[in-house]
Amino acid sequence: MASQQTDFVWMQTAIAVGVLGLLTVVPGPDMAVVTKRAIASGRAAALRTAAGITTGLLVWGVFTVVGLAAILAASAEAYFVVKILGAAYLVFLGVQALWQSRRPAPRTAGSTATPSARAYLTGLTTNLLNPKIAVFYTGLLPTLAPPELPTPTGLGLLVLLHAALTLTWLGFYAYLVSRARSVFERPRVRRLLDRVTGVVLVGFGVRVAAEAN
C-alpha cells in the first residue's frame, strides 16, 4: 500500500513538472521582453529582467495562497482592469521597440546599457500585469498539488517549482540570445529584430485587450 502511494506521488509530481515546464517554455510576453533586453543591453540586463519575471510569479503565488488571486479570477471587473493595464503596457513596450528601430543602431554593444532597476522592473511589471497567471494558479495549480500535503503547502511548493523552472529557462534563453548578440548588433539585423519584437509585443497586447471584451 505504501509503495503504491509513493508511486502515485511520484507520478503526480512528474505530471506537475511536465505541465509547469510546458507553461514555462511556451513563447509569450515574458520571452519577448527578455529577448528585447538581451539584444539591447546584453545578458546581465536580460537576467535581471528574468529575475523580475520570477519575482512576479512569486507575488502571484503569495496571492494564490492567501486567496487574492482567486478573487481576481472570479471578479470580472478586476480581471478586466488588470487585462487592460497589461495590454496597454505590452503595447507601450512594443511601440517603444518600433520607435527604437527608427534610430541608428549603436556602434558598440556596451553603448545601450540599461539600469539594473529598469530591467528588473520591466520583467516584474510584465508578469504582474498578466492576469492569466492568476487564472492558471487558481484553476489548474490546485489540481496538480500533492493531496497528501495541506493545500497552502502544496500550492507553495508548486509555485516555487514554477519560479525555479522559469528562472532557469529564461536564464538559459538569455544566454543563447546574448551569445548571438554580435550578429543582432548589425544595423540591419538590429532594426529588423526591433521591428519584429515590437510587432510581437503589440500583437500580444492587442490579443490581451481583445480577450478582455
# chains A, B, ... in the order shown; residues from 1 in each chain; ligands from 1

$ residues_around --residues "Arg43 of chain A" --least-positions-apart "6" --cutoff "12 Å" --atoms "only C-alpha atoms" --output "VMD selection string"
chain A and resid 34 to 37 49 to 50 109 to 110 113 to 114 116 119 170 to 181

$ write_last_selection --atoms "C-alpha atoms" --output "PDB file, in the first residue's frame"
ATOM      1  CA  VAL A  34      13.778  39.042 -22.258  1.00  0.00           C
ATOM      2  CA  THR A  35      14.652  38.883 -25.967  1.00  0.00           C
ATOM      3  CA  LYS A  36      14.373  42.647 -26.281  1.00  0.00           C
ATOM      4  CA  ARG A  37      16.541  43.245 -23.216  1.00  0.00           C
ATOM      5  CA  THR A  49      14.518  41.055 -16.437  1.00  0.00           C
ATOM      6  CA  ALA A  50      14.141  37.304 -15.891  1.00  0.00           C
ATOM      7  CA  ALA A 109      27.275  46.532 -27.568  1.00  0.00           C
ATOM      8  CA  GLY A 110      28.056  48.422 -24.394  1.00  0.00           C
ATOM      9  CA  ALA A 113      23.447  49.614 -21.092  1.00  0.00           C
ATOM     10  CA  THR A 114      20.190  49.532 -19.149  1.00  0.00           C
ATOM     11  CA  SER A 116      19.551  47.398 -13.241  1.00  0.00           C
ATOM     12  CA  ALA A 119      15.453  45.924 -16.427  1.00  0.00           C
ATOM     13  CA  LEU A 170      14.798  32.354 -19.150  1.00  0.00           C
ATOM     14  CA  GLY A 171      18.377  32.487 -17.875  1.00  0.00           C
ATOM     15  CA  PHE A 172      19.407  29.862 -20.429  1.00  0.00           C
ATOM     16  CA  TYR A 173      17.419  31.625 -23.144  1.00  0.00           C
ATOM     17  CA  ALA A 174      19.027  34.969 -22.282  1.00  0.00           C
ATOM     18  CA  TYR A 175      22.449  33.316 -22.528  1.00  0.00           C
ATOM     19  CA  LEU A 176      21.680  31.952 -26.003  1.00  0.00           C
ATOM     20  CA  VAL A 177      20.372  35.276 -27.295  1.00  0.00           C
ATOM     21  CA  SER A 178      23.252  37.266 -25.792  1.00  0.00           C
ATOM     22  CA  ARG A 179      25.789  34.871 -27.329  1.00  0.00           C
ATOM     23  CA  ALA A 180      24.477  35.814 -30.754  1.00  0.00           C
ATOM     24  CA  ARG A 181      24.330  39.496 -29.878  1.00  0.00           C
TER      25      ARG A 181
END

$ residues_around --residues "Gly139 of chain A" --least-positions-apart "6" --cutoff "12 Å" --atoms "only C-alpha atoms" --output "ChimeraX atom specification"
/A:64,67,69-74,132-133,145,155

$ write_last_selection --atoms "N, CA and C atoms" --output "short mmCIF file (atom, residue, chain, number, x, y, z; two decimals), in the first residue's frame"
data_model
loop_
_atom_site.label_atom_id
_atom_site.label_comp_id
_atom_site.auth_asym_id
_atom_site.auth_seq_id
_atom_site.Cartn_x
_atom_site.Cartn_y
_atom_site.Cartn_z
N THR A 64 -2.10 33.70 -4.50
CA THR A 64 -2.86 32.46 -4.64
C THR A 64 -3.05 31.77 -3.29
N GLY A 67 -5.48 33.63 -1.23
CA GLY A 67 -6.81 33.70 -1.82
C GLY A 67 -7.10 34.93 -2.65
N ALA A 69 -5.72 35.89 -5.49
CA ALA A 69 -5.76 35.58 -6.92
C ALA A 69 -7.10 34.98 -7.30
N ALA A 70 -7.68 34.19 -6.41
CA ALA A 70 -8.99 33.60 -6.67
C ALA A 70 -10.05 34.69 -6.78
N ILE A 71 -9.93 35.72 -5.95
CA ILE A 71 -10.86 36.85 -6.01
C ILE A 71 -10.74 37.56 -7.34
N LEU A 72 -9.50 37.77 -7.79
CA LEU A 72 -9.27 38.42 -9.08
C LEU A 72 -9.85 37.58 -10.21
N ALA A 73 -9.59 36.27 -10.17
CA ALA A 73 -10.08 35.39 -11.24
C ALA A 73 -11.60 35.34 -11.26
N ALA A 74 -12.24 35.50 -10.10
CA ALA A 74 -13.70 35.40 -10.01
C ALA A 74 -14.38 36.74 -10.28
N LYS A 132 -3.53 36.08 -16.59
CA LYS A 132 -3.64 34.65 -16.90
C LYS A 132 -2.87 33.81 -15.88
N ILE A 133 -1.85 34.40 -15.27
CA ILE A 133 -1.14 33.67 -14.22
C ILE A 133 -2.07 33.41 -13.05
N ALA A 145 -1.41 19.95 -7.12
CA ALA A 145 -0.80 19.91 -5.79
C ALA A 145 -0.92 18.52 -5.18
N LEU A 155 0.47 24.18 -2.79
CA LEU A 155 0.49 25.27 -3.75
C LEU A 155 1.81 26.04 -3.68
#

$ atom_distance --atom1 "atom CA of Ala97 of chain A" --atom2 "atom CA of Val81 of chain A"
24.5 Å

$ closest_residue --among "A:Ala32, A:Val65, A:Val25, A:Leu58" --to "Pro152 of chain A" --atoms "only C-alpha atoms"
A:Val65

$ residues_around --residues "Ala88 of chain A" --least-positions-apart "6" --cutoff "9 Å" --atoms "only C-alpha atoms" --output "number ranges by chain"
A: 202, 205-206, 209

$ write_last_selection --atoms "C-alpha atoms" --output "PDB file, in the first residue's frame"
ATOM      1  CA  VAL A 202       1.908  44.953 -29.743  1.00  0.00           C
ATOM      2  CA  GLY A 205      -1.183  43.494 -26.147  1.00  0.00           C
ATOM      3  CA  VAL A 206      -3.954  43.622 -28.756  1.00  0.00           C
ATOM      4  CA  ALA A 209      -7.233  43.549 -24.932  1.00  0.00           C
TER       5      ALA A 209
END

$ select_by_dssp --residues "chain A" --states "helix (DSSP H, G or I)" --output "ChimeraX atom specification"
/A:2-25,29-41,43-66,68-74,76-100,109-112,116-128,131-139,141-144,151-179,181-184,187-211

$ residues_around --residues "Val82 of chain A" --least-positions-apart "6" --cutoff "8 Å" --atoms "only C-alpha atoms" --output "list in words"
Leu129, Asn130 and Pro131 of chain A

$ residues_around --residues "Thr24 of chain A" --least-positions-apart "5" --cutoff "9 Å" --atoms "only C-alpha atoms" --output "number ranges by chain"
A: 19, 162, 165-166, 169-170

$ write_last_selection --atoms "C-alpha atoms" --output "short mmCIF file (atom, residue, chain, number, x, y, z; two decimals), in the first residue's frame"
data_model
loop_
_atom_site.label_atom_id
_atom_site.label_comp_id
_atom_site.auth_asym_id
_atom_site.auth_seq_id
_atom_site.Cartn_x
_atom_site.Cartn_y
_atom_site.Cartn_z
CA VAL A 19 2.73 20.91 -17.05
CA HIS A 162 7.43 27.06 -11.35
CA LEU A 165 11.85 26.47 -13.85
CA THR A 166 11.11 29.95 -15.18
CA TRP A 169 14.73 28.59 -18.67
CA LEU A 170 14.80 32.35 -19.15
#
